[in-house]
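Okay, so here's the structure we're looking at.
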Amino acid sequence: MYSEKVIDHFTNPRNVGEIENANGIGQVGNAKCGDIMKITLDIKDDMIKNVKFKTFGCGAAVATSSMVTEMVKGKTLEEAMDVTNAAVAEALGGLPETKMHCSNLAADAVHAAIKDYLDKKIKV
Amino acid sequence: MYSEKVIDHFTNPRNVGEIENANGIGQVGNAKCGDIMKITLDIKDDMIKNVKFKTFGCGAAVATSSMVTEMVKGKTLEEAMDVTNAAVAEALGGLPETKMHCSNLAADAVHAAIKDYLDKKIKV
Amino acid sequence: MKRIYLDHSATTPVDPQAAELMMTYFLEYYGNPSSIHFFGRQVKKALEEARYQVASLINADPSEITFTSGGTEADNLAIQGAARARSGKGKHLITSAIEHHAVLDTFKYLAKNGYELTILPVDEEGIVSVDELKKAIRPDTILISIMHANNEVGSIQPAAEIGRITREKGIIFHVDAVQSLGKLPIDVKTMNADLLTVSSHKIYGPKGVGALYIRKGIKISPLVYGGSQERKLRSGTENTPGIIGFGKACELAGERMEEENRKLITQRDKLMNGIISRIGHVKINGPLGDKRLPGNVNVSINYIEGESLLLSLDMLGIAASSGSACTSGSLDPSHVLLAMGLSHEVAHGSLRLSLGRHNTDEDIDFVLEELPKIVDRLRMMSPLYHKAN
Amino acid sequence: MKRIYLDHSATTPVDPQAAELMMTYFLEYYGNPSSIHFFGRQVKKALEEARYQVASLINADPSEITFTSGGTEADNLAIQGAARARSGKGKHLITSAIEHHAVLDTFKYLAKNGYELTILPVDEEGIVSVDELKKAIRPDTILISIMHANNEVGSIQPAAEIGRITREKGIIFHVDAVQSLGKLPIDVKTMNADLLTVSSHKIYGPKGVGALYIRKGIKISPLVYGGSQERKLRSGTENTPGIIGFGKACELAGERMEEENRKLITQRDKLMNGIISRIGHVKINGPLGDKRLPGNVNVSINYIEGESLLLSLDMLGIAASSGSACTSGSLDPSHVLLAMGLSHEVAHGSLRLSLGRHNTDEDIDFVLEELPKIVDRLRMMSPLYHKAN
Ligand SMILES: Cc1ncc(COP(=O)(O)O)c(C=O)c1O
Ligand SMILES: Cc1ncc(COP(=O)(O)O)c(C=O)c1O
């Protein structure tokens with residue numbers, strides 16, 4: 001069902017947790033659907049210095065979360081905004097058809113966290 | 001499917017053939033249905049001296065024909081008229097349900113032959 | 001890796017005796033039972049012997065057994081067949097919210113095609129209320145279908161009580177007994193069942209075989225037309241090896257039921273109690289004690305999602321099942337757990353462990369050792385879990 | 001007693017390789033393919049491999065194959081399913097007089113339920129006329145079903161020619177290819193088939209398994225509802241061992257077809273010519289040469305009845321079949337022979353010998369030696385036979 005890369009990221013997820021004083025926080029999905037992803041970012045000079053995730057969801061949800069953290073860590077905000085859900089799935093060697101829709105939201109969570117950071121900055 | 005007795009009478013049918021100068025001839029069934037039985041009788045002093053059959057039909061048709069010849073040979077006409085299709089089936093140890101209707105007409109053929117004999121006698 | 005199969009409600013391995021018997025019918029006694037020659041007669045006899053074996057396990061007459069390709073087809077034959085045959089008498093149908101999709105989706109199909117459907121709720125233990133059922137009955141009710149035992153939470157339904165009511169009112173009563181066959185004693189007569197579905201692959205028989213009990217005198221319409229096999233109710237060359245394997249499985253199930261149930265109940269309770277005592281924030285779904293199927297454990301583990309749990313168990317060689325939407329391809333989690341009042345979130349985190357003939361006490365110990373670690377790990381990853389809880 | 005099986009059109013033994021494979025799936029790889037754990041994934045893969053094997057034999061895409069419980073169910077799914085899905089477009093259906101009951105009786109059921117049916121006649125060789133078919137087509141014709149090869153007389157139908165017409169007119173074309181699978185090359189694309197039925201137990205696969213080819217884009221309604229297996233077209237836990245056995249049988253049939261056909265045609269012609277030369281008052285039913293299935297012999301033996309003939313052959317260990325009404329439980333003899341213009345009387349005396357993979361030349365010799373004696377004996381007993389004839 002799942003590719004080896006998905007299983008690897010599910011079994012050894014990268015960057016699990018929450019950054020304590022994160023300046024960007026994004027959460028997408030809801031428990032009703034069975035998938036929630038929360039991304040916390042430490043952003044400095046338009047750069048993602050650190051990123052962590054927490055996910056409630058299926059194997060694909062966990063793996064995409066883990067993968068996206070690797071993909072955006074060290075990237076500029078603009079670069080990170082260009083990472084799509086599809087790119088995450090591709091980086092994992094593909095996802096089962098049924099998982100493409102619901103569980104492939106990790107990039108959205110990152111984007112939400114970046115937006116949160118930018119929103120707060122504007123307010124300041 | 002068939003009882004051992006049916007198989008025995010089918011394999012070694014008794015009294016096959018036609019009596020040459022039969023004074024009673026009976027035929028029942030038709031080729032459309034797949035069963036025709038022809039009985040020829042040699043009747044003397046109200047007694048069936050000899051009886052032979054020819055049958056076009058399934059195993060049950062052949063076996064009932066053979067059995068009925070055994071049952072009526074040497075009997076008076078009245079006794080022979082009392083032999084029913086059901087009695088023939090019973091003497092064979094029973095017949096499959098589907099065969100009771102179409103292929104169990106041998107007693108009718110005997111009765112038809114007796115009637116033929118009586119009819120001709122009246123005409124004379 | 002040692003593999004521990006705890007998904008016996010989904011399907012079971014074929015009993016070796018049944019499998020061996022089937023081999024003979026694949027290779028040697030391969031005739032078509034409709035044929036009048038030796039090859040046909042030989043297998044026809046074995047077919048009727050199997051019919052007797054299946055009938056015996058539910059106290060039916062062999063002539064009341066119609067073989068099908070499985071539980072799903074038998075459910076459809078019962079429900080579509082009875083509804084069509086009785087449509088002149090009324091259009092109202094009743095079932096429960098926790099039926100298998102083979103029942104529920106068939107009723108929903110009929111409801112879209114001129115019938116009216118009442119779906120009964122269940123209580124928090126997953127049991128249909130007889131009072132609700134009584135209230136739902138109308139003068140034009142023609143068919144009521146209630147399962148004998150639920151496949152997800154193991155809840156046993158008051159079938160005999162319902163049968164008394166339907167028989168009195170002249171309403172056809174269909175019972176889906178796929179999960180109870182070979183696990184609970186079934187007597188179609190005391191249950192007053194008119195139609196009853198069983199399936200082979202849940203009781204160590206082959207997949208692709210089932211049967212519908214049709215009480216003498218009850219008329220239903222067929223689903224498929226053709227060579228008039230199974231007294232015209234189910235045309236098609238009979239799956240004789242499968243049917244014969246099913247017959248054997250029924251015979252064995254009948255012989256072993258009592259002893260097996262003692263073992264299963266002990267292991268089930270050990271597993272349930274172990275989970276409760278070792279893991280916090282969990283909830284057993286379904287009734288306790290003798291209102292529950294012997295081999296069924298179903299538990300909601302808060303803050304984590306079922307598929308992740310299954311994957312993690314699978315990596316350790318443990319095969320289980322879940323009511324999570326992610327495991328069914330649908331968007332909603334188990335309709336059974338939702339009907340019992342669970343929230344979506346909690347339903348997503350449900351785990352079903354269904355025990356069977358070959359599970360050992362060591363299997364249980366292993367699960368009890370590993371499951372808490374997995375739950376811990378997944379909860380650490382979950383945004384819903386806060387240590388403080 | 002040595003037994004000679006000459007009833008391969010009725011059913012075949014399972015190939016030992018297929019049977020052995022199935023054993024593994026009974027005992028070891030017994031998971032439910034819907035399960036996401038190891039046991040489920042393992043068998044899911046094999047299921048898809050089988051789908052590929054079946055698809056390959058008829059030049060279809062695996063996604064176009066829906067597994068069923070046999071040819072009868074596939075025929076019903078095709079015909080009921082297409083008729084229901086298209087009923088908005090018209091109500092007129094066309095089939096032929098020599099179809100299998102799985103097709104003919106399904107159409108007759110629809111004809112009683114709001115559809116209109118044209119049953120095409122056949123010529124004396126048992127072949128449907130394309131001209132007649134063209135004439136029968138109406139603006140509201142939605143479905144035409146014509147078999148690829150007839151099960152009784154082996155006549156091969158002009159399927160590709162018909163497919164060209166139906167495709168042009170946008171009418172759904174269903175082909176019952178149960179008897180031709182593995183015996184004639186089948187290419188659903190050049191045949192322009194929209195739906196095509198195959199069955200496992202006629203090609204050395206297990207009984208109780210079949211498949212319907214559904215061309216991409218063609219919509220049909222399901223017969224049974226439930227767990228949404230087979231892309232919702234055929235719910236019910238998949239008969240995975242059976243399907244996998246069928247897949248293997250398809251693979252083997254594809255590999256062996258050419259060589260096997262050479263053997264079968266030689267044996268068939270030897271048998272037909274032998275019967276003609278040794279027995280008087282006989283008539284070969286069906287076409288000769290390459291319009292006939294490789295393994296099919298069908299002959300009417302005047303003045304005697306089919307069941308008697310079968311019984312007599314059976315006593316010598318020869319298993320065959322007949323169009324006699326007595327062997328089918330119906331009152332009329334074979335509807336196929338009657339449609340070809342045979343009288344009832346002659347149809348009753350028909351004999352079908354269907355050859356298969358394991359028949360030897362000695363089998364043929366034995367039949368040719370014994371059959372004339374049996375015919376003699378039965379004719380001596382027949383009131384229809386007069387030596388003088
Ligand atoms: C309660 C219940 N009914 C019906 C079915 C369907 O039976 P089958 O898998 O034989 O189609 C199942 C199992 O899948 C079941 O658990
Ligand atoms: C031409 C034809 N169609 C359909 C069928 C039915 O297939 P099954 O026996 O798999 O139900 C058969 C054989 O019985 C057949 O010969």
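Numbering starts fresh at 1 for the residues of each chain in the structure tokens, the chains themselves are lettered A, B, ... in the order given, and ligands are numbered from 1 as they appear.
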
Checklist entry - In stretch 175-248 of chain C, what's strand (DSSP E) per DSSP? Answer as a PyMOL selection string? => result chain C and resi 175-176+195-199+210-214

Convert the current residue selection to file output with C-alpha atoms, as a PDB file, in the first residue's frame.
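Dumped to selection.pdb:
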ATOM      1  CA  VAL C 175     -31.146 -12.361  10.526  1.00  0.00           C
ATOM      2  CA  ASP C 176     -27.567 -11.719   9.434  1.00  0.00           C
ATOM      3  CA  LEU C 195     -34.331 -15.929   6.504  1.00  0.00           C
ATOM      4  CA  LEU C 196     -30.846 -16.234   7.960  1.00  0.00           C
ATOM      5  CA  THR C 197     -27.481 -15.467   6.381  1.00  0.00           C
ATOM      6  CA  VAL C 198     -24.270 -17.360   7.050  1.00  0.00           C
ATOM      7  CA  SER C 199     -20.810 -17.128   5.491  1.00  0.00           C
ATOM      8  CA  GLY C 210     -22.255 -18.613   1.994  1.00  0.00           C
ATOM      9  CA  ALA C 211     -25.796 -19.734   2.446  1.00  0.00           C
ATOM     10  CA  LEU C 212     -29.234 -18.382   3.038  1.00  0.00           C
ATOM     11  CA  TYR C 213     -31.636 -20.261   5.257  1.00  0.00           C
ATOM     12  CA  ILE C 214     -35.119 -19.854   3.798  1.00  0.00           C
TER      13      ILE C 214
END

Item to check | Within 6 Å of ligand 2 (only C-alpha atoms and all ligand atoms), residues as an MDAnalysis selection string | outcome: (chainID C and resid 236:237) or (chainID D and resid 70:72 100 102 150:151 176 178:179 199)

Next on the checklist: Set the distance at 9 Å and use only C-alpha atoms: which residues neighbour A:Gly24 once local chain neighbours fewer than 5 positions away are removed? I'd like the list as a PyMOL selection string.
Outcome noted: chain A and resi 39-43+110+112-118+120

Checklist entry - Can you list, as a PyMOL selection string, every protein, DNA or RNA residue that comes within 10 Å of stretch 329-338 of chain D when you count only C-alpha atoms, leaving out same-chain residues fewer than 2 positions away? => result (chain B and resi 32-34+97-99+102) or (chain C and resi 34+228) or (chain D and resi 96-101+122+124-126+150-153+285-286+300+306+322-327+340-350)

Checklist entry - Restricting the calculation to only C-alpha atoms, which member of B:Asp119, B:Glu20, B:Asp82, B:Asp108 is positioned closest to B:Thr64? => result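 Of B:Asp119, B:Glu20, B:Asp82, B:Asp108, the one nearest B:Thr64 is B:Asp108, counting only C-alpha atoms.
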
Quick one: which residues from chain C are at most 6 Å off chain A, using only C-alpha atoms, as a short mmCIF file (atom, residue, chain, number, x, y, z; two decimals) with C-alpha atoms, in the first residue's frame?
data_model
loop_
_atom_site.label_atom_id
_atom_site.label_comp_id
_atom_site.auth_asym_id
_atom_site.auth_seq_id
_atom_site.Cartn_x
_atom_site.Cartn_y
_atom_site.Cartn_z
CA ILE C 304 -4.58 8.72 18.32
CA GLU C 305 -5.80 7.57 14.94
CA GLU C 307 -4.68 3.51 10.88
CA SER C 308 -1.44 4.72 12.49
CA HIS C 344 -15.83 11.17 15.16
CA GLU C 345 -12.55 11.82 16.89
CA MET C 381 3.14 12.75 18.13
CA SER C 382 -0.48 13.85 18.51
CA PRO C 383 -1.51 17.51 18.71
#

Can you list every residue of chain D that has an atom at most 9 Å from ligand 1, with its nearest atom pair and the distance in Å to one decimal, using only C-alpha atoms and all ligand atoms, ordered by chain then number, as a Markdown table?
| residue | atom | partner | partner_atom_place_in_ligand_line | distance |
| --- | --- | --- | --- | --- |
| D:Asn32 | CA | ligand 1 | 9 (O) | 8.9 |
| D:Gly226 | CA | ligand 1 | 6 (C) | 7.6 |
| D:Gly227 | CA | ligand 1 | 14 (O) | 7.5 |
| D:Ser235 | CA | ligand 1 | 11 (O) | 7.1 |
| D:Gly236 | CA | ligand 1 | 11 (O) | 3.6 |
| D:Thr237 | CA | ligand 1 | 9 (O) | 4.0 |
| D:Glu238 | CA | ligand 1 | 9 (O) | 7.5 |
| D:Asn239 | CA | ligand 1 | 10 (O) | 8.9 |

Next on the checklist: Which residues are near B:Pro96? Cut-off 7 Å, only C-alpha atoms, ignore same chain within fewer than 3 positions. Put them as a VMD selection string.
Outcome noted: chain B and resid 1 to 2 99 to 100

Output the selection as a tab-separated table (two decimals), in the first residue's frame - N, CA, C and O atoms for each residue.
chain	number	residue	atom	x	y	z
B	1	MET	N	-28.70	-41.54	-8.38
B	1	MET	CA	-29.94	-41.07	-9.00
B	1	MET	C	-30.94	-42.21	-9.07
B	1	MET	O	-32.01	-42.16	-8.48
B	2	TYR	N	-30.57	-43.25	-9.82
B	2	TYR	CA	-31.47	-44.40	-9.97
B	2	TYR	C	-31.13	-45.47	-8.95
B	2	TYR	O	-29.97	-45.67	-8.59
B	99	LYS	N	-38.86	-38.17	-12.57
B	99	LYS	CA	-39.18	-39.25	-13.49
B	99	LYS	C	-40.57	-39.82	-13.25
B	99	LYS	O	-41.08	-40.59	-14.06
B	100	MET	N	-41.15	-39.50	-12.13
B	100	MET	CA	-42.44	-40.09	-11.77
B	100	MET	C	-43.51	-39.70	-12.78
B	100	MET	O	-44.40	-40.47	-13.11

Checklist entry - For chain C, which residues have at least one atom within 7 Å of chain D, if we go by only C-alpha atoms? Write them as a PyMOL selection string, please. => result chain C and resi 10-14+16+19+23+26-27+30-32+36-38+69-70+72-73+76+101-103+105-106+206-208+224-227+235-236+238-239+311+314+319+327

Next on the checklist: Rounded to one decimal, what separation in Å do you get between atom CA of D:Glu251 and atom CA of D:Ala159?
Outcome noted: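 According to the coordinates, atom CA of D:Glu251 and atom CA of D:Ala159 are separated by 23.5 Å.
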
Checklist entry - DSSP says alpha helix (DSSP H) for which residues of stretch 40-108 of chain A? Put them as a ChimeraX atom specification? => result /A:59-72,77-81,85-91,97-102,106-108

Checklist entry - A:Ala109, A:Val28, A:Met67, A:Val51: which is nearest A:Asn12, counting only C-alpha atoms? => result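 That would be A:Met67, the residue with the smallest distance to A:Asn12.
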
Next on the checklist: List the spatial neighbours of C:Pro294 as number ranges by chain - criterion: any atom at most 6 Å away, only C-alpha atoms, same-chain residues fewer than 3 positions off excluded.
Outcome noted: C: 261, 264-265

Next on the checklist: Using Å and a single decimal, report how far atom CA of C:His92 sits from atom CA of C:Ile58.
Outcome noted: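 It comes out at 28.2 Å.
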
Checklist entry - Do you have the atom CA of D:Leu384-atom CA of D:Tyr303 distance handy? => result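 Separation between atom CA of D:Leu384 and atom CA of D:Tyr303: 5.4 Å.
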
Next on the checklist: What's around A:Met47 at 7 Å? Count only C-alpha atoms, leave out sequence neighbours fewer than 2 positions away in its own chain, and write the answer as JSON, numbers by chain.
Outcome noted: {"A": [43, 44, 45, 49, 74, 75, 76, 77]}
